[in-house]
$ cat final_20.tsv   # TSV, C-alpha atoms
chain	number	residue	atom	x	y	z
R	1	MET	CA	16.26	-2.70	2.21
R	2	SER	CA	17.53	-5.99	3.66
R	3	ILE	CA	20.54	-7.82	5.04
R	4	ILE	CA	21.90	-11.13	3.78
R	5	ILE	CA	24.18	-13.17	6.04
R	6	ILE	CA	25.96	-16.00	4.26
R	7	SER	CA	27.82	-18.83	5.93
R	8	SER	CA	29.18	-22.08	4.60
R	9	ASP	CA	31.02	-25.21	5.63
R	10	ALA	CA	33.87	-23.99	3.38
R	11	MET	CA	35.25	-20.47	3.88
R	12	GLU	CA	36.40	-20.08	0.27
R	13	ILE	CA	32.89	-20.84	-1.03
R	14	GLU	CA	31.23	-18.55	1.53
R	15	GLU	CA	33.31	-15.61	0.31
R	16	THR	CA	32.86	-16.37	-3.41
R	17	ILE	CA	29.07	-16.63	-3.15
R	18	ALA	CA	28.81	-13.59	-0.87
R	19	GLU	CA	30.88	-11.43	-3.25
R	20	LYS	CA	28.73	-12.48	-6.21
R	21	VAL	CA	25.47	-11.81	-4.35
R	22	ALA	CA	26.70	-8.36	-3.27
R	23	GLU	CA	27.68	-7.55	-6.85
R	24	ALA	CA	24.35	-8.76	-8.27
R	25	MET	CA	22.30	-6.81	-5.70
R	26	GLY	CA	24.50	-3.71	-5.57
R	27	TYR	CA	24.72	-4.22	-1.78
R	28	SER	CA	27.63	-3.21	0.46
R	29	ARG	CA	30.06	-5.92	1.56
R	30	LEU	CA	30.82	-6.75	5.18
R	31	GLY	CA	33.44	-9.47	5.47
R	32	HIS	CA	36.37	-10.52	7.62
R	33	GLN	CA	38.39	-7.63	6.16
R	34	ILE	CA	36.92	-5.40	8.88
R	35	LEU	CA	38.76	-7.37	11.57
R	36	ALA	CA	41.84	-5.17	11.03
R	37	ASP	CA	39.68	-2.06	11.67
R	38	VAL	CA	38.16	-3.69	14.77
R	39	ALA	CA	41.64	-4.47	16.11
R	40	ALA	CA	42.77	-0.88	15.51
R	41	LYS	CA	39.62	0.68	17.00
R	42	TYR	CA	39.73	-1.38	20.20
R	43	GLN	CA	43.55	-1.54	20.38
R	44	ILE	CA	43.70	-5.32	20.16
R	45	ASP	CA	46.50	-7.41	18.67
R	46	PRO	CA	45.08	-8.30	15.19
R	47	VAL	CA	46.71	-11.75	15.28
R	48	LYS	CA	44.98	-12.50	18.59
R	49	LEU	CA	41.66	-11.18	17.28
R	50	ASN	CA	41.84	-13.49	14.26
R	51	GLU	CA	42.75	-16.35	16.55
R	52	ALA	CA	39.75	-15.57	18.80
R	53	MET	CA	37.44	-15.87	15.77
R	54	GLU	CA	38.69	-19.38	15.11
R	55	THR	CA	39.61	-20.97	18.41
R	56	THR	CA	38.26	-21.27	21.93
R	57	PRO	CA	40.12	-19.93	24.99
R	58	SER	CA	43.12	-21.92	26.11
R	59	LEU	CA	46.03	-21.48	28.49
R	60	PHE	CA	48.38	-22.79	25.80
R	61	LYS	CA	47.29	-20.12	23.35
R	62	ASN	CA	47.57	-17.39	25.99
R	63	LEU	CA	43.93	-16.44	25.44
R	64	SER	CA	41.82	-16.18	28.59
R	65	ALA	CA	38.04	-16.67	28.56
R	66	ARG	CA	37.51	-13.01	29.51
R	67	GLN	CA	39.81	-11.76	26.74
R	68	TRP	CA	38.07	-14.05	24.26
R	69	ARG	CA	34.60	-12.80	25.21
R	70	HIS	CA	35.82	-9.21	24.97
R	71	TYR	CA	37.34	-9.76	21.50
R	72	LEU	CA	34.14	-11.37	20.21
R	73	ALA	CA	32.08	-8.52	21.71
R	74	CYS	CA	34.26	-5.99	19.85
R	75	VAL	CA	33.52	-7.73	16.54
R	76	GLU	CA	29.79	-7.92	17.34
R	77	ALA	CA	29.57	-4.23	18.22
R	78	GLU	CA	31.28	-3.26	14.96
R	79	VAL	CA	29.14	-5.62	12.87
R	80	TYR	CA	25.91	-4.24	14.36
R	81	ASP	CA	27.01	-0.68	13.57
R	82	TYR	CA	27.48	-1.64	9.93
R	83	LEU	CA	24.21	-3.58	9.77
R	84	LEU	CA	22.22	-0.54	10.90
R	85	ALA	CA	23.08	0.95	7.51
R	86	ASP	CA	21.08	-1.80	5.70
R	87	ASN	CA	21.45	-3.36	2.21
R	88	ILE	CA	24.46	-5.40	3.16
R	89	VAL	CA	25.86	-8.85	2.42
R	90	CYS	CA	27.75	-10.10	5.47
R	91	TRP	CA	30.02	-13.14	5.83
R	92	GLY	CA	33.04	-14.42	7.71
R	93	LEU	CA	32.24	-12.61	10.96
R	94	ALA	CA	30.06	-15.26	12.63
R	95	ALA	CA	27.11	-12.86	12.38
R	96	HIS	CA	24.80	-15.79	11.61
R	97	LEU	CA	25.35	-16.86	15.22
R	98	TYR	CA	24.59	-13.63	17.09
R	99	VAL	CA	22.36	-11.53	14.80
R	100	THR	CA	19.12	-13.17	15.85
R	101	GLY	CA	15.46	-12.18	15.88
R	102	ILE	CA	15.71	-9.66	13.05
R	103	SER	CA	13.06	-10.29	10.40
R	104	HIS	CA	14.82	-8.36	7.61
R	105	VAL	CA	17.97	-10.47	7.97
R	106	MET	CA	18.01	-13.48	5.66
R	107	LYS	CA	20.43	-16.16	6.81
R	108	VAL	CA	21.80	-18.43	4.11
R	109	ARG	CA	23.83	-21.60	4.57
R	110	VAL	CA	25.74	-22.79	1.53
R	111	LEU	CA	26.81	-26.41	1.67
R	112	SER	CA	29.92	-26.90	-0.42
R	113	GLY	CA	28.80	-30.41	-1.33
R	114	ASN	CA	30.77	-33.63	-1.23
R	115	SER	CA	31.82	-33.77	-4.84
R	116	ARG	CA	31.95	-30.27	-6.34
R	117	GLY	CA	33.23	-28.41	-3.25
R	118	THR	CA	35.89	-30.97	-2.46
R	119	MET	CA	37.14	-31.04	-6.03
R	120	GLU	CA	37.30	-27.26	-6.28
R	121	ILE	CA	39.29	-26.95	-3.06
R	122	ALA	CA	41.62	-29.80	-4.11
R	123	GLU	CA	42.27	-28.01	-7.41
R	124	GLN	CA	42.77	-24.62	-5.74
R	125	LYS	CA	45.18	-25.98	-3.12
R	126	GLY	CA	46.83	-28.64	-5.30
R	127	ILE	CA	46.19	-31.50	-2.86
R	128	SER	CA	44.38	-34.84	-3.08
R	129	LEU	CA	40.63	-35.33	-2.55
R	130	GLN	CA	41.22	-37.52	0.51
R	131	VAL	CA	43.36	-34.87	2.17
R	132	VAL	CA	40.73	-32.19	1.43
R	133	GLU	CA	37.97	-34.36	2.89
R	134	LYS	CA	39.99	-35.00	6.05
R	135	LEU	CA	40.83	-31.31	6.41
R	136	ARG	CA	37.22	-30.25	5.89
R	137	ALA	CA	35.88	-32.75	8.43
R	138	GLY	CA	38.34	-31.39	10.99
R	139	GLU	CA	37.46	-27.76	10.16
R	140	LEU	CA	33.74	-28.49	10.43
R	141	GLN	CA	34.17	-30.14	13.82
R	142	GLN	CA	36.23	-27.16	15.01
R	143	ARG	CA	33.60	-24.66	13.78
R	144	LYS	CA	30.84	-26.58	15.52
R	145	LYS	CA	32.82	-26.58	18.78
R	146	TRP	CA	33.57	-22.86	18.42
R	147	SER	CA	30.00	-21.84	17.62
R	148	LEU	CA	28.65	-23.77	20.61
R	149	ALA	CA	31.26	-22.31	22.97
R	150	ALA	CA	30.85	-18.75	21.70
R	151	TYR	CA	27.09	-18.48	21.20
R	152	ASN	CA	25.61	-21.79	22.39
R	153	TYR	CA	24.51	-22.27	18.79
R	154	ASP	CA	25.44	-25.21	16.59
R	155	GLU	CA	26.13	-23.64	13.22
R	156	THR	CA	25.71	-26.98	11.48
R	157	ASP	CA	22.05	-27.09	12.61
R	158	LEU	CA	20.37	-26.23	9.30
R	159	SER	CA	16.97	-25.47	10.89
R	160	ARG	CA	18.43	-22.13	12.08
R	161	TYR	CA	18.76	-20.77	8.51
R	162	ASP	CA	16.18	-19.17	6.22
R	163	LEU	CA	17.69	-20.73	3.11
R	164	VAL	CA	20.01	-23.72	2.66
R	165	ILE	CA	21.68	-24.38	-0.70
R	166	ASN	CA	23.60	-27.55	-1.56
R	167	LEU	CA	26.20	-26.89	-4.25
R	168	ASP	CA	26.16	-30.57	-5.19
R	169	GLN	CA	22.68	-29.95	-6.62
R	170	ILE	CA	22.67	-26.24	-7.42
R	171	ASP	CA	25.40	-24.49	-9.46
R	172	PRO	CA	27.09	-21.47	-7.81
R	173	GLU	CA	25.51	-19.16	-10.42
R	174	GLU	CA	22.08	-20.65	-9.68
R	175	ALA	CA	22.77	-20.27	-5.96
R	176	VAL	CA	23.40	-16.54	-6.44
R	177	LYS	CA	20.14	-16.22	-8.40
R	178	THR	CA	18.25	-18.17	-5.71
R	179	ILE	CA	19.58	-15.91	-2.96
R	180	THR	CA	18.93	-12.65	-4.84
R	181	GLY	CA	15.44	-13.91	-5.71
R	182	ALA	CA	14.58	-14.90	-2.13
R	183	ILE	CA	15.68	-11.58	-0.64
R	184	GLU	CA	13.03	-9.90	-2.79
R	185	TYR	CA	10.31	-11.60	-0.73
R	186	ARG	CA	8.34	-8.99	1.17
R	187	LYS	CA	8.94	-10.79	4.47
R	188	PHE	CA	12.63	-9.81	4.36
R	189	GLN	CA	11.92	-6.10	3.99
R	190	VAL	CA	12.79	-3.77	6.80
R	191	MET	CA	9.95	-2.73	9.14
R	192	THR	CA	9.72	-0.54	12.23
R	193	TYR	CA	9.78	-3.58	14.53
R	194	SER	CA	12.83	-5.24	12.94
R	195	MET	CA	14.77	-1.97	12.82
R	196	LYS	CA	14.02	-1.35	16.50
R	197	CYS	CA	15.16	-4.89	17.39
R	198	LEU	CA	18.41	-4.30	15.47
R	199	SER	CA	18.99	-0.93	17.20
R	200	ASN	CA	18.41	-2.60	20.58
R	201	LEU	CA	20.92	-5.36	19.76
R	202	ALA	CA	23.44	-2.76	18.57
R	203	LEU	CA	23.10	-0.81	21.82
R	204	SER	CA	23.40	-4.02	23.89
R	205	ALA	CA	26.59	-4.85	21.99
R	206	ARG	CA	28.08	-1.37	22.61
R	207	VAL	CA	27.39	-1.64	26.35
R	208	ASN	CA	28.63	-5.23	26.43
R	209	VAL	CA	31.96	-4.35	24.84
R	210	THR	CA	32.45	-1.47	27.29
R	211	LEU	CA	31.75	-3.63	30.34
R	212	LEU	CA	33.64	-6.73	29.19
R	213	LYS	CA	36.81	-4.69	29.00
R	214	SER	CA	37.01	-4.68	32.78
R	215	MET	CA	34.69	-7.45	34.02
R	216	ALA	CA	33.25	-10.88	33.20
R	217	ASP	CA	29.88	-12.60	33.73
R	218	ILE	CA	27.85	-9.88	32.08
R	219	ASN	CA	24.52	-10.12	30.31
R	220	VAL	CA	23.16	-6.97	28.67
R	221	GLN	CA	19.65	-6.32	27.34
R	222	ALA	CA	18.77	-2.96	25.82
R	223	ARG	CA	15.43	-1.52	24.80
R	224	ASP	CA	14.87	2.00	23.55
R	225	GLY	CA	17.87	3.39	25.45
R	226	SER	CA	17.11	1.54	28.69
R	227	VAL	CA	19.68	-1.07	29.59
R	228	VAL	CA	19.41	-3.98	32.01
R	229	VAL	CA	22.72	-5.54	33.04
R	230	SER	CA	22.76	-8.89	34.86
R	231	THR	CA	25.93	-9.94	36.63
R	232	LYS	CA	27.36	-11.78	39.64
R	233	ALA	CA	29.16	-10.33	42.66
R	234	SER	CA	29.93	-11.18	46.24
R	235	ALA	CA	27.96	-9.33	48.96
R	236	ARG	CA	31.11	-7.32	49.72
R	237	GLN	CA	31.58	-6.17	46.12
R	238	LYS	CA	27.94	-5.77	45.14
R	239	ARG	CA	27.58	-2.01	45.74
R	240	LYS	CA	30.88	-1.15	44.06
R	241	LYS	CA	30.11	-3.31	41.03
R	242	ILE	CA	26.65	-1.76	40.57
R	243	ALA	CA	28.16	1.74	40.72
R	244	THR	CA	30.90	0.83	38.20
R	245	ILE	CA	28.41	-0.72	35.77
R	246	LYS	CA	26.07	2.26	36.04
R	247	GLU	CA	28.91	4.66	35.36
R	248	LEU	CA	30.43	2.73	32.44
R	249	ALA	CA	27.14	1.80	30.77
R	250	GLY	CA	25.64	5.24	31.40
R	251	ASN	CA	28.44	6.82	29.38
R	252	VAL	CA	27.73	4.72	26.28
R	253	ASP	CA	26.19	6.74	23.50
R	254	GLY	CA	22.42	6.07	23.29
R	255	VAL	CA	21.96	4.88	26.88
R	256	SER	CA	19.40	6.84	28.91
R	257	TYR	CA	18.81	4.49	31.87
R	258	VAL	CA	20.74	1.64	33.47
R	259	GLU	CA	19.40	-1.03	35.79
R	260	VAL	CA	21.72	-3.63	37.33
R	261	HIS	CA	20.65	-7.04	38.60
R	262	VAL	CA	23.23	-8.81	40.74
R	263	LYS	CA	23.23	-12.48	41.67
R	264	LYS	CA	25.40	-13.80	44.50
R	265	ASN	CA	28.78	-15.05	43.37
R	266	ILE	CA	29.02	-18.16	45.52
R	267	LEU	CA	32.62	-18.89	44.48
R	268	GLU	CA	33.83	-15.47	45.66
R	269	GLU	CA	31.71	-15.65	48.85
R	270	THR	CA	33.32	-18.91	49.92
R	271	ALA	CA	36.85	-17.89	48.88
B	1	MET	CA	-5.24	24.19	-1.02
B	2	SER	CA	-5.26	21.89	2.01
B	3	GLU	CA	-5.54	18.16	1.40
B	4	GLN	CA	-8.49	16.00	2.45
B	5	PRO	CA	-8.10	14.52	5.95
B	6	LEU	CA	-7.31	10.82	6.03
B	7	LYS	CA	-9.71	8.31	7.57
B	8	ILE	CA	-7.93	6.12	10.12
B	9	MET	CA	-9.37	3.07	11.88
B	10	VAL	CA	-7.81	1.80	15.13
B	11	ILE	CA	-8.73	-1.74	16.27
B	12	ASP	CA	-7.56	-3.00	19.66
B	13	ASP	CA	-9.44	-5.04	22.27
B	14	GLU	CA	-7.74	-2.98	24.99
B	15	ASN	CA	-9.92	0.10	25.15
B	16	ILE	CA	-7.06	2.22	26.52
B	17	VAL	CA	-5.06	1.84	23.29
B	18	GLY	CA	-7.76	3.47	21.16
B	19	LYS	CA	-8.33	6.14	23.82
B	20	ARG	CA	-4.64	7.07	23.82
B	21	LEU	CA	-4.10	6.90	20.07
B	22	LYS	CA	-7.24	8.77	18.94
B	23	PRO	CA	-6.26	12.25	20.22
B	24	ALA	CA	-2.61	11.74	19.20
B	25	LEU	CA	-3.54	10.82	15.63
B	26	GLU	CA	-6.22	13.50	15.33
B	27	LYS	CA	-3.64	16.24	15.97
B	28	THR	CA	-2.84	16.42	12.27
B	29	GLY	CA	-6.49	16.84	11.33
B	30	ASP	CA	-7.14	13.23	10.33
B	31	ILE	CA	-10.44	11.49	11.20
B	32	VAL	CA	-9.96	8.60	13.64
B	33	GLU	CA	-12.49	5.93	14.63
B	34	THR	CA	-11.67	3.31	17.27
B	35	PHE	CA	-13.01	-0.25	17.70
B	36	VAL	CA	-12.50	-2.92	20.35
B	37	ASP	CA	-13.34	-5.92	18.15
B	38	GLY	CA	-12.67	-6.98	14.58
B	39	GLU	CA	-16.28	-7.83	13.68
B	40	THR	CA	-17.62	-4.33	14.36
B	41	ALA	CA	-14.60	-2.80	12.64
B	42	LEU	CA	-15.04	-4.91	9.50
B	43	ALA	CA	-18.77	-4.11	9.42
B	44	ARG	CA	-17.89	-0.41	9.56
B	45	PHE	CA	-15.28	-0.86	6.82
B	46	GLU	CA	-17.95	-2.50	4.68
B	47	GLN	CA	-20.02	0.71	4.90
B	48	GLU	CA	-17.11	2.98	4.06
B	49	PRO	CA	-13.44	2.17	3.32
B	50	PHE	CA	-10.69	3.73	5.44
B	51	ASP	CA	-7.29	4.96	4.20
B	52	ILE	CA	-5.31	3.53	7.10
B	53	VAL	CA	-6.13	0.69	9.49
B	54	VAL	CA	-4.11	0.17	12.67
B	55	THR	CA	-4.90	-3.22	14.19
B	56	ASP	CA	-3.77	-5.37	17.10
B	57	ILE	CA	-3.09	-9.05	16.34
B	58	ARG	CA	-4.27	-11.03	19.35
B	59	MET	CA	-8.02	-10.48	19.65
B	60	GLU	CA	-10.94	-12.82	20.24
B	61	LYS	CA	-13.06	-14.08	17.30
B	62	ILE	CA	-11.15	-12.31	14.51
B	63	ASP	CA	-7.40	-11.78	14.84
B	64	GLY	CA	-5.33	-9.01	13.27
B	65	ILE	CA	-3.94	-11.17	10.45
B	66	GLU	CA	-7.49	-12.07	9.37
B	67	ILE	CA	-8.50	-8.40	9.55
B	68	LEU	CA	-5.46	-7.57	7.38
B	69	GLU	CA	-6.49	-10.13	4.76
B	70	GLN	CA	-10.15	-9.08	4.72
B	71	ILE	CA	-9.35	-5.36	4.53
B	72	LEU	CA	-6.87	-5.80	1.66
B	73	ALA	CA	-9.34	-8.03	-0.19
B	74	LYS	CA	-11.89	-5.20	-0.01
B	75	SER	CA	-9.57	-2.26	-0.56
B	76	GLY	CA	-6.09	-2.81	-1.99
B	77	ARG	CA	-5.08	0.82	-1.45
B	78	THR	CA	-5.68	0.77	2.34
B	79	LYS	CA	-2.49	0.74	4.40
B	80	VAL	CA	-2.70	-1.75	7.27
B	81	ILE	CA	-0.35	-1.26	10.22
B	82	ILE	CA	-0.01	-4.13	12.69
B	83	ILE	CA	0.58	-3.44	16.39
B	84	THR	CA	1.22	-6.24	18.90
B	85	GLY	CA	2.52	-6.98	22.34
B	86	TYR	CA	3.52	-10.48	21.19
B	87	ALA	CA	5.90	-9.68	18.35
B	88	THR	CA	8.06	-12.46	16.94
B	89	VAL	CA	10.07	-12.76	13.73
B	90	GLU	CA	7.59	-15.31	12.40
B	91	ILE	CA	4.51	-13.15	13.01
B	92	ALA	CA	6.23	-10.04	11.65
B	93	ARG	CA	7.23	-11.87	8.46
B	94	GLU	CA	3.74	-13.36	8.07
B	95	ALA	CA	2.16	-9.91	8.41
B	96	LEU	CA	4.49	-8.38	5.83
B	97	SER	CA	4.04	-11.31	3.43
B	98	LYS	CA	0.28	-10.85	3.64
B	99	GLY	CA	0.56	-7.19	2.72
B	100	ALA	CA	0.89	-5.25	5.98
B	101	PHE	CA	2.36	-1.79	5.45
B	102	ASP	CA	4.36	-1.92	8.67
B	103	PHE	CA	4.61	-3.76	11.96
B	104	ILE	CA	5.35	-2.27	15.37
B	105	ALA	CA	5.75	-3.89	18.78
B	106	LYS	CA	3.92	-2.62	21.87
B	107	PRO	CA	4.61	-0.67	23.93
B	108	PHE	CA	5.32	2.21	21.56
B	109	LYS	CA	4.98	5.97	21.76
B	110	PRO	CA	2.13	7.57	19.75
B	111	ALA	CA	4.88	9.56	17.99
B	112	ASP	CA	6.40	6.26	16.69
B	113	LEU	CA	3.06	5.36	15.11
B	114	ARG	CA	2.71	8.89	13.76
B	115	VAL	CA	5.97	8.43	11.82
B	116	ILE	CA	4.60	5.28	10.17
B	117	ILE	CA	1.30	6.99	9.39
B	118	GLU	CA	3.17	9.90	7.77
B	119	ARG	CA	4.97	7.40	5.51
B	120	ALA	CA	1.68	5.70	4.66
B	121	THR	CA	0.10	9.09	3.93
B	122	LYS	CA	2.92	9.97	1.53
B	123	GLU	CA	2.39	6.71	-0.37
B	124	LEU	CA	-1.38	7.22	-0.45
B	125	ARG	CA	-1.01	10.74	-1.83
B	126	SER	CA	1.79	10.03	-4.31

$ encode --input "final_20.tsv" --output "structure tokens"
Amino acid sequence: MSIIIISSDAMEIEETIAEKVAEAMGYSRLGHQILADVAAKYQIDPVKLNEAMETTPSLFKNLSARQWRHYLACVEAEVYDYLLADNIVCWGLAAHLYVTGISHVMKVRVLSGNSRGTMEIAEQKGISLQVVEKLRAGELQQRKKWSLAAYNYDETDLSRYDLVINLDQIDPEEAVKTITGAIEYRKFQVMTYSMKCLSNLALSARVNVTLLKSMADINVQARDGSVVVSTKASARQKRKKIATIKELAGNVDGVSYVEVHVKKNILEETA
Amino acid sequence: MSEQPLKIMVIDDENIVGKRLKPALEKTGDIVETFVDGETALARFEQEPFDIVVTDIRMEKIDGIEILEQILAKSGRTKVIIITGYATVEIAREALSKGAFDFIAKPFKPADLRVIIERATKELRS
């Protein structure tokens, strides 16, 4: 009863390894394919949702910061709902960045390696090694920028993972065996505490997605049905904002109590 | 034929925890003894093994992880449940690696612990 989240510096490798691990363990798969369902559920343009998963907000791309946060929150809420089911291999949804503090989640980083990974991609795409290396360096830089902007988390920081595998040294088949072996460790088994933490994160995500639809600057913390929302508002808008948050959050399934903490929005006060 | 009541040990340096849990856990007919320090609890366990041990982690002299190790070294069949107000991923994983049956963060409702004890009971009686 565990969850494996796999990420890599090369998307193709991430998916290949994740698929093989899921097959070997008989676990369910949770990959980027669910983005179409997320777009349909939250009535978002699927092209824009995919774009939000890869790029940061920009006026040129017609993607505002609020829209971007809302799109990411939609994906998070959906991912958490799936993860509550357990025995899942997850990849391609940036879950390694926001599913934190859950002891039965094993996070794996697969490094495609300088020789093997580059060669495989060059063969697959029919381009030279130098072009692949240049493309990958650019992609990696972009992912680092995105992960820091979205979750203040540098995904290239290997100390954040439970297991790091370098495909230059370990064959893909051996990597699958290493991952399936490690998940058998007792420490990755589900326990009351970890399940409660996951349920709390799932509830926070559901409230977050509801609130971000109509407002920004929201921080949500849930515990056993009680939700604390921190936000900013001008003195004039404070009462109205608290009432709106209480109404919206209070209607989310699983919420029994809502508390709102408001800080002064200095920009709005001086405007 | 009714089954033998289980013997449950609760160890927590906050006296109130044992006071609250004892009546809640005794409702199902099990025998509950409470202790406010690990030394006395381990001495009692030496006299007579318990089926289930519920222990806090942060305590003076002997902490919950040490109690877990000593209990399992004496009686492999005993189910040890860790309770703590300072839960972290690292501590939870350490407890499970060392053989804890389950791990729950404080504050919790006695009913939450009862659910874990029911699971432990099933395993003990299977």

$ residues_around --input "final_20.tsv" --residues "region 114-120 of chain B" --least-positions-apart "3" --cutoff "12 Å" --atoms "all atoms listed in the file" --output "PyMOL selection string"
(chain R and resi 191-193) or (chain B and resi 6-10+21-28+30+51-54+77-83+100-104+108-111+123-126)

$ residues_around --input "final_20.tsv" --residues "Glu66 (chain B)" --least-positions-apart "4" --cutoff "9 Å" --atoms "all atoms listed in the file" --output "PyMOL selection string"
chain B and resi 38+57+62+70-71

$ closest_residue --input "final_20.tsv" --among "B:Phe35, B:Ser97, B:Glu3, B:Ile11" --to "Thr84 (chain B)" --atoms "only C-alpha atoms"
B:Ile11

$ interface_residues --input "final_20.tsv" --of "chain R" --to "chain B" --cutoff "9 Å" --atoms "only C-alpha atoms" --output "short mmCIF file (atom, residue, chain, number, x, y, z; two decimals) with C-alpha atoms, keeping the file's coordinate frame"
data_model
loop_
_atom_site.label_atom_id
_atom_site.label_comp_id
_atom_site.auth_asym_id
_atom_site.auth_seq_id
_atom_site.Cartn_x
_atom_site.Cartn_y
_atom_site.Cartn_z
CA GLY R 101 15.46 -12.18 15.88
CA ILE R 102 15.71 -9.66 13.05
CA SER R 103 13.06 -10.29 10.40
CA HIS R 104 14.82 -8.36 7.61
CA TYR R 185 10.31 -11.60 -0.73
CA ARG R 186 8.34 -8.99 1.17
CA LYS R 187 8.94 -10.79 4.47
CA PHE R 188 12.63 -9.81 4.36
CA GLN R 189 11.92 -6.10 3.99
CA VAL R 190 12.79 -3.77 6.80
CA MET R 191 9.95 -2.73 9.14
CA THR R 192 9.72 -0.54 12.23
CA TYR R 193 9.78 -3.58 14.53
CA SER R 194 12.83 -5.24 12.94
CA LYS R 196 14.02 -1.35 16.50
#

$ atom_distance --input "final_20.tsv" --atom1 "CA of Ala73 (chain B)" --atom2 "CA of Ser2 (chain R)"
27.2 Å

$ residues_near_point --input "final_20.tsv" --point "(26.5, 0.8, 33.0)" --cutoff "12 Å" --atoms "only C-alpha atoms" --output "MDAnalysis selection string"
chainID R and resid 203:204 206:212 214:215 218:222 225:231 241:261

$ residues_around --input "final_20.tsv" --residues "region 131-143 of chain R" --least-positions-apart "4" --cutoff "7 Å" --atoms "only C-alpha atoms" --output "list in words"
Asp9, Thr118, Ala122, Ile127 and Ser147 of chain R

$ write_last_selection --input "final_20.tsv" --atoms "C-alpha atoms" --output "mmCIF file, in the coordinates of the input"
data_model
loop_
_atom_site.group_PDB
_atom_site.id
_atom_site.type_symbol
_atom_site.label_atom_id
_atom_site.label_comp_id
_atom_site.auth_asym_id
_atom_site.auth_seq_id
_atom_site.Cartn_x
_atom_site.Cartn_y
_atom_site.Cartn_z
ATOM 1 C CA ASP R 9 31.020 -25.210 5.630
ATOM 2 C CA THR R 118 35.890 -30.970 -2.460
ATOM 3 C CA ALA R 122 41.620 -29.800 -4.110
ATOM 4 C CA ILE R 127 46.190 -31.500 -2.860
ATOM 5 C CA SER R 147 30.000 -21.840 17.620
#

$ residues_around --input "final_20.tsv" --residues "region 85-91 of chain R" --least-positions-apart "5" --cutoff "10 Å" --atoms "all atoms listed in the file" --output "VMD selection string"
chain R and resid 1 to 8 11 14 to 15 17 to 23 25 to 32 79 to 80 96 104 to 108 190 195
